[in-house]
Protein chains: 2
Amino acid sequence: MQKSRILNIILASVILVLLFIGKDSESPAESIKGFFSKARSVDTSEIGHTKRSLGVRNLVFPEPAMVIGSYDKDGKANIMTAAWFGVANSRPFKVAVSLRPATYSYHCIMENMAFTVNVPDASLVSYVKFAGKYSGRDMNKFDETGLTAIKSEYVNAPYVKEFPIVLECKVTEYHDLGSHRQFIGEVVDSKIDESLLDEEGKVNMDLFDPIIYGQGKYYSGLELIENIVEIVPEKVE
Amino acid sequence: MQKSRILNIILASVILVLLFIGKDSESPAESIKGFFSKARSVDTSEIGHTKRSLGVRNLVFPEPAMVIGSYDKDGKANIMTAAWFGVANSRPFKVAVSLRPATYSYHCIMENMAFTVNVPDASLVSYVKFAGKYSGRDMNKFDETGLTAIKSEYVNAPYVKEFPIVLECKVTEYHDLGSHRQFIGEVVDSKIDESLLDEEGKVNMDLFDPIIYGQGKYYSGLELIENIVEIVPEKVE
């Protein structure tokens, strides 16, 4: 309490000083932009920003690591990990996930035109890696891992009880893009573990430690970027 | 940071102890599985894994924050930030990005059937936020920010010199999914800043501090998850 009051006083002082300095420049926007241009030019001279072409190569970073749930034609629950995933539409809310025909999940999804997206936290990384390495054609991945398959409420696909966030999706269309078929899933229900809700029942993502994937490796430990300096436009046409 | 390191050390110690105990059990696979089942059941009893349905809601986490470059019909370079993005196909390598018709970039991309994906690092977060907040219809975002637009080598779209990773994309198809049009871009060239190459000229992503987006906030500070315990299947069918 004491500490935050002192911080507030310091912050207020800094703002006052900056406002005073700002009076010399053309506009507050200019002074903010000036700061940025300077920071940028230092960076530029330091590292030069020389780009090297690597040909066609996946340099996307970060990628998600989503665990996709589906039933096969006999009702066996299956999961696989997919990084070729993203949000595709807001209204209605749709996601896209791309799978190769060689995967078991591809055929399961085609069978039921439904899947779940199970969002892992860092404690689940071994399961995420496992589900991405082996095929459900050869085994029951729930039996192997001890994870629990729960039948979705609204679609014919299982979700993983132990995963903190679940999206139930029905396939509305798909696109063959080459090696992969891109499934578009309309989200018909979103579920969250109560451990990620605060006392008032609101989602608190600060309690969530997601897995980030990239270039074959798994990462966690996100830290919020605070005090992002706002760039204010001045030459609006 | 400190806390997660301590947690890692504790986790590593627990794994070592369990591996030692595991020598009495039937197989290494059994002991690893046993560890996981135990860890899982502890988690389960602690937080119960009770899910709450929130209806249809975007709980995807993480999301990317990619800066999409394009030219308008007069050749003015524009950028916008897109989180509705993901890899869509491996061979040929394609990405998907979804934009609303209300955005200026939507029309720029339709004009040239080309765009760039500029992958930001954490030092660029103010630009990422700026490019996502304002429309290129009202201003030249490169003039406003001091960023440098470079004409792509292979497609008619600009990339941002200061961004460390660039994908040049030509639109091969698009899909209207509701509020958004999903553009499929085939990557025809990938470029990386030489600052992300090691002494032998190989990509070293450990030098890269990407921006992660989620639920309206920006994050950075990824830490590699090391020593992932392998789950070995034993009931292969």
# chains A, B, ... in the order shown; residues from 1 in each chain; ligands from 1

$ select_by_dssp --residues "range 72-212 of chain A" --states "alpha helix (DSSP H)" --output "ChimeraX atom specification"
/A:104-112,125-133,141-145

$ residues_around --residues "range 211-221 of chain B" --least-positions-apart "5" --cutoff "8 Å" --atoms "only C-alpha atoms" --output "list in words"
Pro62, Met205, Gly221, Leu222, Glu223, Leu224 and Ile225 of chain A; Leu59, Val60, Phe61, Pro62, Glu63, Pro64, Ala65, Ala83, Pro120, Asp121, Ala122 and Val125 of chain B

$ residues_around --residues "range 102-105 of chain B" --least-positions-apart "5" --cutoff "9 Å" --atoms "only C-alpha atoms" --output "list in words"
Ile68, Gly69, Ser70, Tyr71, Asp72, Asn78, Ile79, Met80, Met110, Ser135, Gly136 and Arg137 of chain B

$ atom_distance --atom1 "CA of Gly132 in chain A" --atom2 "CA of Gly75 in chain A"
20.4 Å

$ closest_residue --among "B:Lys151, B:Lys161, B:Lys129, B:Lys141" --to "Thr81 in chain B" --atoms "only C-alpha atoms"
B:Lys129

$ residues_around --residues "Asp74 in chain B" --least-positions-apart "6" --cutoff "12 Å" --atoms "only C-alpha atoms" --output "PyMOL selection string"
chain B and resi 107-108+111-112+137

$ select_by_dssp --residues "range 37-229 of chain A" --states "strand (DSSP E)" --output "count of residues only"
72

$ closest_residue --among "A:Asn204, A:Thr172, A:Asn227, A:Ser190" --to "chain B" --atoms "only C-alpha atoms"
A:Ser190

$ atom_distance --atom1 "CA of Val166 in chain B" --atom2 "CA of Glu234 in chain A"
27.6 Å

$ closest_residue --among "B:Asp198, B:Asp143, B:Glu226, B:Asp193" --to "chain A" --atoms "only C-alpha atoms"
B:Asp193

$ atom_distance --atom1 "CA of Asn89 in chain A" --atom2 "CA of Leu124 in chain B"
25.9 Å

$ closest_residue --among "A:Glu153, A:Glu230, A:Glu200, A:Asp206" --to "chain B" --atoms "only C-alpha atoms"
A:Glu230

$ residues_around --residues "Cys169 in chain A" --least-positions-apart "4" --cutoff "12 Å" --atoms "only C-alpha atoms" --output "number ranges by chain"
A: 68-70, 92-97, 109, 112-118, 152-159, 173, 183-191; B: 56-57

$ closest_residue --among "A:Asn58, A:Ile192, A:His49, A:Val171" --to "Ile150 in chain B" --atoms "only C-alpha atoms"
A:His49

$ decode --residues "range 110-121 of chain A" --atoms "all heavy atoms" --output "mmCIF file, in the first residue's frame"
data_model
loop_
_atom_site.group_PDB
_atom_site.id
_atom_site.type_symbol
_atom_site.label_atom_id
_atom_site.label_comp_id
_atom_site.auth_asym_id
_atom_site.auth_seq_id
_atom_site.Cartn_x
_atom_site.Cartn_y
_atom_site.Cartn_z
ATOM 1 N N MET A 110 -13.417 -36.872 -40.267
ATOM 2 C CA MET A 110 -14.277 -37.044 -41.440
ATOM 3 C C MET A 110 -15.497 -37.904 -41.105
ATOM 4 O O MET A 110 -16.595 -37.681 -41.618
ATOM 5 C CB MET A 110 -13.490 -37.676 -42.599
ATOM 6 C CG MET A 110 -12.486 -36.752 -43.275
ATOM 7 S SD MET A 110 -13.215 -35.199 -43.873
ATOM 8 C CE MET A 110 -14.324 -35.798 -45.156
ATOM 9 N N GLU A 111 -15.302 -38.883 -40.233
ATOM 10 C CA GLU A 111 -16.385 -39.795 -39.835
ATOM 11 C C GLU A 111 -17.504 -39.037 -39.123
ATOM 12 O O GLU A 111 -18.687 -39.237 -39.402
ATOM 13 C CB GLU A 111 -15.794 -40.873 -38.918
ATOM 14 C CG GLU A 111 -16.731 -41.992 -38.544
ATOM 15 C CD GLU A 111 -16.952 -42.960 -39.699
ATOM 16 O OE1 GLU A 111 -16.012 -43.156 -40.513
ATOM 17 O OE2 GLU A 111 -18.062 -43.503 -39.799
ATOM 18 N N ASN A 112 -17.118 -38.144 -38.212
ATOM 19 C CA ASN A 112 -18.116 -37.485 -37.354
ATOM 20 C C ASN A 112 -18.300 -36.000 -37.636
ATOM 21 O O ASN A 112 -19.176 -35.375 -37.048
ATOM 22 C CB ASN A 112 -17.709 -37.663 -35.886
ATOM 23 C CG ASN A 112 -17.707 -39.108 -35.458
ATOM 24 O OD1 ASN A 112 -18.755 -39.756 -35.422
ATOM 25 N ND2 ASN A 112 -16.528 -39.648 -35.168
ATOM 26 N N MET A 113 -17.446 -35.463 -38.514
ATOM 27 C CA MET A 113 -17.466 -34.026 -38.798
ATOM 28 C C MET A 113 -17.470 -33.205 -37.501
ATOM 29 O O MET A 113 -18.193 -32.206 -37.357
ATOM 30 C CB MET A 113 -18.666 -33.672 -39.687
ATOM 31 C CG MET A 113 -18.577 -34.292 -41.079
ATOM 32 S SD MET A 113 -17.111 -33.724 -42.036
ATOM 33 C CE MET A 113 -17.802 -32.299 -42.899
ATOM 34 N N ALA A 114 -16.652 -33.640 -36.577
ATOM 35 C CA ALA A 114 -16.583 -32.979 -35.273
ATOM 36 C C ALA A 114 -15.227 -33.241 -34.642
ATOM 37 O O ALA A 114 -14.596 -34.273 -34.906
ATOM 38 C CB ALA A 114 -17.680 -33.498 -34.351
ATOM 39 N N PHE A 115 -14.783 -32.293 -33.837
ATOM 40 C CA PHE A 115 -13.557 -32.482 -33.048
ATOM 41 C C PHE A 115 -13.590 -31.540 -31.851
ATOM 42 O O PHE A 115 -14.421 -30.625 -31.798
ATOM 43 C CB PHE A 115 -12.299 -32.248 -33.909
ATOM 44 C CG PHE A 115 -12.152 -30.858 -34.485
ATOM 45 C CD1 PHE A 115 -11.490 -29.847 -33.770
ATOM 46 C CD2 PHE A 115 -12.663 -30.544 -35.746
ATOM 47 C CE1 PHE A 115 -11.345 -28.569 -34.310
ATOM 48 C CE2 PHE A 115 -12.514 -29.274 -36.292
ATOM 49 C CZ PHE A 115 -11.859 -28.283 -35.569
ATOM 50 N N THR A 116 -12.707 -31.802 -30.898
ATOM 51 C CA THR A 116 -12.517 -30.850 -29.805
ATOM 52 C C THR A 116 -11.097 -30.296 -29.877
ATOM 53 O O THR A 116 -10.190 -30.945 -30.382
ATOM 54 C CB THR A 116 -12.700 -31.507 -28.421
ATOM 55 O OG1 THR A 116 -11.725 -32.546 -28.266
ATOM 56 C CG2 THR A 116 -14.099 -32.078 -28.265
ATOM 57 N N VAL A 117 -10.947 -29.073 -29.390
ATOM 58 C CA VAL A 117 -9.624 -28.473 -29.214
ATOM 59 C C VAL A 117 -9.361 -28.438 -27.714
ATOM 60 O O VAL A 117 -10.135 -27.838 -26.964
ATOM 61 C CB VAL A 117 -9.570 -27.044 -29.798
ATOM 62 C CG1 VAL A 117 -8.198 -26.419 -29.561
ATOM 63 C CG2 VAL A 117 -9.933 -27.058 -31.269
ATOM 64 N N ASN A 118 -8.323 -29.122 -27.295
ATOM 65 C CA ASN A 118 -7.961 -29.170 -25.883
ATOM 66 C C ASN A 118 -6.679 -28.376 -25.702
ATOM 67 O O ASN A 118 -5.634 -28.720 -26.269
ATOM 68 C CB ASN A 118 -7.773 -30.621 -25.445
ATOM 69 C CG ASN A 118 -9.037 -31.450 -25.648
ATOM 70 O OD1 ASN A 118 -9.866 -31.552 -24.765
ATOM 71 N ND2 ASN A 118 -9.203 -32.013 -26.847
ATOM 72 N N VAL A 119 -6.777 -27.291 -24.939
ATOM 73 C CA VAL A 119 -5.651 -26.369 -24.791
ATOM 74 C C VAL A 119 -4.842 -26.777 -23.567
ATOM 75 O O VAL A 119 -5.375 -26.778 -22.450
ATOM 76 C CB VAL A 119 -6.153 -24.920 -24.653
ATOM 77 C CG1 VAL A 119 -4.981 -23.947 -24.630
ATOM 78 C CG2 VAL A 119 -7.134 -24.572 -25.768
ATOM 79 N N PRO A 120 -3.568 -27.133 -23.761
ATOM 80 C CA PRO A 120 -2.778 -27.636 -22.629
ATOM 81 C C PRO A 120 -2.129 -26.524 -21.824
ATOM 82 O O PRO A 120 -1.846 -25.445 -22.334
ATOM 83 C CB PRO A 120 -1.692 -28.459 -23.321
ATOM 84 C CG PRO A 120 -1.493 -27.785 -24.641
ATOM 85 C CD PRO A 120 -2.829 -27.186 -25.035
ATOM 86 N N ASP A 121 -1.874 -26.807 -20.552
ATOM 87 C CA ASP A 121 -0.954 -25.948 -19.806
ATOM 88 C C ASP A 121 0.391 -26.672 -19.689
ATOM 89 O O ASP A 121 0.519 -27.831 -20.098
ATOM 90 C CB ASP A 121 -1.516 -25.533 -18.439
ATOM 91 C CG ASP A 121 -1.709 -26.707 -17.495
ATOM 92 O OD1 ASP A 121 -0.944 -27.687 -17.580
ATOM 93 O OD2 ASP A 121 -2.627 -26.659 -16.666
#
